[in-house]
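work-v6.tsv (TSV, C-alpha atoms and all ligand atoms) appears below.
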chain	number	residue	atom	x	y	z
D	1	MET	CA	0.00	0.00	0.00
D	2	ASN	CA	1.26	3.54	-0.66
D	3	SER	CA	1.13	6.25	2.00
D	4	HIS	CA	-2.40	7.29	0.98
D	5	SER	CA	-3.87	3.84	0.63
D	6	ALA	CA	-5.24	3.86	4.21
D	7	ASP	CA	-7.73	6.55	3.12
D	8	ARG	CA	-8.85	4.55	0.12
D	9	LYS	CA	-12.40	3.21	0.07
D	10	VAL	CA	-12.68	-0.51	-0.43
D	11	THR	CA	-15.63	-2.85	-0.67
D	12	ILE	CA	-15.22	-5.92	1.46
D	13	GLN	CA	-17.21	-9.02	2.24
D	14	LEU	CA	-17.13	-10.47	5.71
D	15	GLU	CA	-18.61	-13.67	7.08
D	16	ILE	CA	-19.94	-12.98	10.54
D	17	ASN	CA	-22.02	-15.41	12.58
D	18	LYS	CA	-22.48	-17.43	9.37
D	19	GLU	CA	-23.98	-14.50	7.47
D	20	GLN	CA	-22.37	-12.56	4.62
D	21	TYR	CA	-22.03	-8.80	4.77
D	22	GLU	CA	-20.75	-6.51	2.05
D	23	ARG	CA	-19.70	-3.02	3.10
D	24	ASP	CA	-17.76	-0.03	1.80
D	25	ILE	CA	-15.07	0.86	4.29
D	26	LEU	CA	-11.76	2.67	4.50
D	27	ALA	CA	-8.70	0.51	4.19
D	28	SER	CA	-7.66	1.90	7.58
D	29	ASP	CA	-10.89	0.95	9.42
D	30	ILE	CA	-10.39	-1.36	12.37
D	31	LEU	CA	-12.57	-4.45	12.61
D	32	LEU	CA	-14.20	-3.26	15.84
D	33	ASP	CA	-15.50	-0.07	14.21
D	34	VAL	CA	-16.75	-1.90	11.15
D	35	LEU	CA	-18.63	-4.41	13.29
D	36	ARG	CA	-20.24	-1.73	15.39
D	37	ASP	CA	-20.75	1.19	13.02
D	38	LYS	CA	-21.10	-0.40	9.61
D	39	ILE	CA	-22.76	-3.70	10.47
D	40	GLY	CA	-24.65	-2.84	13.64
D	41	LEU	CA	-23.20	-5.62	15.77
D	42	THR	CA	-22.49	-3.66	18.92
D	43	GLY	CA	-21.72	-6.55	21.28
D	44	ALA	CA	-17.96	-6.11	20.91
D	45	LYS	CA	-17.11	-3.05	22.97
D	46	PRO	CA	-14.52	-0.32	22.60
D	47	GLY	CA	-12.75	-0.38	25.95
D	48	CYS	CA	-9.08	0.53	25.99
D	49	LEU	CA	-8.62	0.37	22.21
D	50	ASN	CA	-5.05	-0.76	22.69
D	51	GLY	CA	-5.30	-4.48	23.22
D	52	ASP	CA	-5.33	-4.62	27.02
D	53	CYS	CA	-8.92	-5.04	28.22
D	54	GLY	CA	-10.42	-7.69	25.92
D	55	ALA	CA	-13.83	-5.96	25.74
D	56	CYS	CA	-13.61	-6.04	21.94
D	57	THR	CA	-12.82	-9.78	21.69
D	58	VAL	CA	-14.29	-11.70	18.78
D	59	ILE	CA	-13.46	-15.19	17.49
D	60	MET	CA	-11.82	-15.56	14.09
D	61	ASN	CA	-11.31	-19.02	12.71
D	62	LYS	CA	-11.72	-20.37	16.27
D	63	GLN	CA	-9.07	-18.05	17.72
D	64	PRO	CA	-9.80	-15.12	20.01
D	65	MET	CA	-8.90	-11.80	18.42
D	66	LYS	CA	-8.95	-8.30	19.81
D	67	SER	CA	-10.91	-6.51	17.15
D	68	CYS	CA	-9.44	-3.13	18.14
D	69	LEU	CA	-6.03	-4.36	17.08
D	70	MET	CA	-6.79	-5.49	13.56
D	71	LEU	CA	-7.93	-3.95	10.33
D	72	ALA	CA	-11.27	-5.07	8.96
D	73	ILE	CA	-9.60	-5.98	5.67
D	74	GLU	CA	-7.52	-8.54	7.55
D	75	ALA	CA	-10.73	-10.38	8.40
D	76	ILE	CA	-11.66	-11.09	4.78
D	77	ASP	CA	-11.95	-14.84	4.13
D	78	SER	CA	-12.25	-15.64	7.83
D	79	GLU	CA	-15.12	-17.04	9.83
D	80	ILE	CA	-15.92	-14.40	12.41
D	81	LEU	CA	-18.02	-15.06	15.46
D	82	THR	CA	-19.29	-12.27	17.68
D	83	ILE	CA	-21.28	-12.34	20.90
D	84	GLU	CA	-24.46	-11.95	18.84
D	85	GLY	CA	-23.70	-15.39	17.39
D	86	LEU	CA	-23.62	-17.00	20.83
D	87	LYS	CA	-27.25	-16.40	21.68
D	88	ASN	CA	-28.65	-19.31	23.71
D	89	THR	CA	-25.39	-21.25	23.65
D	90	PRO	CA	-24.23	-23.18	26.73
D	91	ILE	CA	-21.58	-20.58	27.57
D	92	GLN	CA	-24.03	-17.69	27.39
D	93	ARG	CA	-26.54	-19.55	29.57
D	94	ALA	CA	-23.78	-20.53	32.03
D	95	PHE	CA	-22.84	-16.88	32.52
D	96	VAL	CA	-26.43	-16.11	33.48
D	97	GLU	CA	-26.84	-19.16	35.72
D	98	HIS	CA	-23.60	-18.50	37.61
D	99	PHE	CA	-23.99	-14.72	37.85
D	100	ALA	CA	-20.79	-14.33	35.87
D	101	PHE	CA	-21.92	-11.28	33.98
D	102	GLN	CA	-19.99	-8.10	34.53
D	103	CYS	CA	-20.84	-4.62	33.40
D	104	GLY	CA	-22.11	-4.29	29.85
D	105	TYR	CA	-18.66	-3.38	28.69
D	106	CYS	CA	-16.86	-6.46	29.96
D	107	THR	CA	-19.36	-9.30	29.70
D	108	SER	CA	-19.32	-10.01	25.99
D	109	GLY	CA	-15.51	-10.08	25.87
D	110	PHE	CA	-15.38	-12.55	28.74
D	111	ILE	CA	-17.95	-14.82	27.13
D	112	MET	CA	-16.00	-14.71	23.87
D	113	ILE	CA	-12.68	-15.62	25.48
D	114	CYS	CA	-14.35	-18.53	27.34
D	115	GLN	CA	-15.97	-19.77	24.13
D	116	ALA	CA	-12.67	-19.50	22.25
D	117	LEU	CA	-10.93	-21.53	24.94
D	118	LEU	CA	-13.59	-24.25	24.79
D	119	LEU	CA	-13.35	-24.36	20.99
D	120	ASN	CA	-9.64	-25.07	21.34
D	121	ASP	CA	-9.74	-27.34	24.37
D	122	ARG	CA	-12.82	-29.11	25.71
D	123	ASN	CA	-11.10	-29.91	28.98
D	124	PRO	CA	-8.70	-27.09	29.86
D	125	SER	CA	-6.66	-27.22	33.05
D	126	PRO	CA	-7.29	-24.61	35.80
D	127	GLU	CA	-3.95	-23.00	34.88
D	128	LYS	CA	-4.97	-22.75	31.24
D	129	ILE	CA	-8.32	-21.21	32.18
D	130	GLU	CA	-6.53	-18.66	34.32
D	131	THR	CA	-4.07	-17.83	31.55
D	132	TRP	CA	-6.77	-17.38	28.91
D	133	LEU	CA	-8.92	-15.26	31.23
D	134	SER	CA	-5.95	-12.99	31.90
D	135	SER	CA	-6.41	-11.78	28.33
D	136	ASN	CA	-9.44	-9.82	29.60
D	137	ILE	CA	-9.05	-7.22	32.28
D	138	CYS	CA	-11.76	-5.87	34.53
D	139	ARG	CA	-11.05	-4.18	37.83
D	140	CYS	CA	-14.21	-5.31	39.53
D	141	THR	CA	-14.32	-9.08	39.28
D	142	GLY	CA	-12.54	-11.82	41.14
D	143	TYR	CA	-13.13	-14.00	38.06
D	144	LYS	CA	-14.60	-16.71	40.34
D	145	GLU	CA	-18.11	-16.65	38.89
D	146	ILE	CA	-16.65	-16.71	35.40
D	147	GLU	CA	-14.60	-19.76	36.32
D	148	LYS	CA	-17.72	-21.44	37.73
D	149	ALA	CA	-19.52	-20.73	34.47
D	150	ILE	CA	-16.77	-22.19	32.34
D	151	TYR	CA	-16.45	-25.28	34.55
D	152	SER	CA	-20.17	-25.92	34.22
D	153	VAL	CA	-19.85	-25.91	30.43
D	154	ILE	CA	-16.79	-28.18	30.56
D	155	GLU	CA	-18.85	-30.62	32.63
D	156	LEU	CA	-21.66	-30.41	30.10
D	157	LEU	CA	-19.31	-31.02	27.17
D	158	ASN	CA	-17.72	-34.00	28.87
D	159	ILE	CA	-21.09	-35.54	29.73
D	160	LYS	CA	-22.11	-35.14	26.08
D	161	ASN	CA	-18.81	-36.61	24.97
D	162	GLN	CA	-19.30	-39.67	27.17
D	163	THR	CA	-22.84	-40.25	25.98
D	164	ASN	CA	-21.68	-40.01	22.35
D	165	GLN	CA	-19.02	-42.68	22.82
I	201	LIG	S1	-10.84	-2.46	23.35
I	201	LIG	FE1	-9.68	-3.97	22.38
I	201	LIG	S2	-8.52	-4.83	23.99
I	201	LIG	FE2	-9.54	-3.16	24.93
I	202	LIG	S1	-17.32	-5.38	35.06
I	202	LIG	FE1	-16.82	-3.99	33.55
I	202	LIG	S2	-15.20	-2.89	34.35
I	202	LIG	FE2	-15.54	-4.46	35.73
Please rewrite the model in this file as structure tokens.
Amino acid sequence: MNSHSADRKVTIQLEINKEQYERDILASDILLDVLRDKIGLTGAKPGCLNGDCGACTVIMNKQPMKSCLMLAIEAIDSEILTIEGLKNTPIQRAFVEHFAFQCGYCTSGFIMICQALLLNDRNPSPEKIETWLSSNICRCTGYKEIEKAIYSVIELLNIKNQTNQ
């Protein structure tokens, strides 16, 4: 790209929550802004905007990504999952049942990081859970309820696994 290419308008297609979206954006637009302002998916939140808090976390090709740290054009050809795509899933229900929700800014990012962990490992160790959760920062939680929520889903997944064997 030349020095002015960031201001160039581009038309991109994104696959989000299994739906296709085509939008005109600037080459310099970050994914978080495109999700919120151009597509209307406002579940990913602008917290710190520098990669620290995790409020903007989405899942791309099964990996957690901080959407404030990447350009929207980098998400072309990826499967993107946002909190809106986790409606009525076990992890979303577990957060409600275990009172693991935080303020509106933090909750979706925490649910996304938990879901990403479970997509990568159906039976993560306590240390791994702690490490993954450290990707999201909130000053007002002890993380205990979130851990309870994730353990309840792990139990559910393992029960399902056993019954499928
Ligand atoms: S808003 Fe992206 S990590 Fe804080
Ligand atoms: S719950 Fe959002 S800042 Fe703590």
Pick out the residues no farther than 7 Å from ligand LIG 201 (chain I), counting all atoms listed in the file, and list them as a list in words.
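Using all atoms listed in the file, I find these residues within 7 Å of ligand LIG 201 (chain I): Lys45, Pro46, Gly47, Cys48, Leu49, Asn50, Gly51, Asp52, Cys53, Gly54, Ala55, Cys56, Thr57, Lys66, Ser67, Cys68 and Leu69 of chain D.
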Return as AutoDock Vina command-line options the centre and edge lengths, in Å with one decimal, of the box along x, y and z that encloses every atom of ligand LIG 202 (chain I) in the file, padded by 6 Å per side.
--center_x -16.3 --center_y -4.1 --center_z 34.6 --size_x 14.1 --size_y 14.5 --size_z 14.2
If the limit is 7 Å from any atom of ligand LIG 202 (chain I), counting only C-alpha atoms and all ligand atoms, which residues qualify? Return them as a PyMOL selection string.
chain D and resi 102-107+138-141
Calculate how many Å separate CA of Ile73 in chain D from CA of Lys18 in chain D, rounding to one decimal.
17.6 Å
With all atoms listed in the file as the basis for distance, which of D:Ser28, D:Gln92, D:Ser108, D:Ser78 is at the shortest distance from Ile150 in chain D?
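Nearest to Ile150 in chain D: D:Gln92.
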Can you list, as an mmCIF file with C-alpha atoms, in the coordinates of the input, every protein, DNA or RNA residue that comes within 12 Å of Asp77 in chain D when you count only C-alpha atoms, leaving out same-chain residues fewer than 5 positions away?
data_model
loop_
_atom_site.group_PDB
_atom_site.id
_atom_site.type_symbol
_atom_site.label_atom_id
_atom_site.label_comp_id
_atom_site.auth_asym_id
_atom_site.auth_seq_id
_atom_site.Cartn_x
_atom_site.Cartn_y
_atom_site.Cartn_z
ATOM 1 C CA ILE D 12 -15.220 -5.920 1.460
ATOM 2 C CA GLN D 13 -17.210 -9.020 2.240
ATOM 3 C CA LEU D 14 -17.130 -10.470 5.710
ATOM 4 C CA GLU D 15 -18.610 -13.670 7.080
ATOM 5 C CA ILE D 16 -19.940 -12.980 10.540
ATOM 6 C CA GLN D 20 -22.370 -12.560 4.620
ATOM 7 C CA TYR D 21 -22.030 -8.800 4.770
ATOM 8 C CA MET D 60 -11.820 -15.560 14.090
ATOM 9 C CA ASN D 61 -11.310 -19.020 12.710
ATOM 10 C CA ALA D 72 -11.270 -5.070 8.960
#
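Distance annotation: of D:Ala149, D:Met70, D:Ala44, D:Ala116, the residue with the minimal separation from Ile30 in chain D is D:Met70; atom set is only C-alpha atoms.
Nearest-residue note for Ser125 in chain D: choosing from D:Leu32, D:Ile154, D:Val96, D:Ala75, the minimum distance belongs to D:Ile154, counting all atoms listed in the file.
When CA of Ser5 in chain D is paired with CA of Leu31 in chain D, their separation reads 17.0 Å.
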With distances taken over all atoms listed in the file, which residue among D:Lys148, D:Lys160, D:Arg36, D:Lys9 lies nearest Phe99 in chain D?
D:Lys148
Within 8 Å of Ile111 in chain D, counting all atoms listed in the file, which residues show up once you throw out same-chain ones fewer than 5 positions away? Write them as a ChimeraX atom specification, please.
/D:83,91-92,95
In Å to one decimal, how far is CA of Glu22 in chain D from CA of Asn88 in chain D?
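For CA of Asn88 in chain D relative to CA of Glu22 in chain D, the distance reads 26.4 Å.
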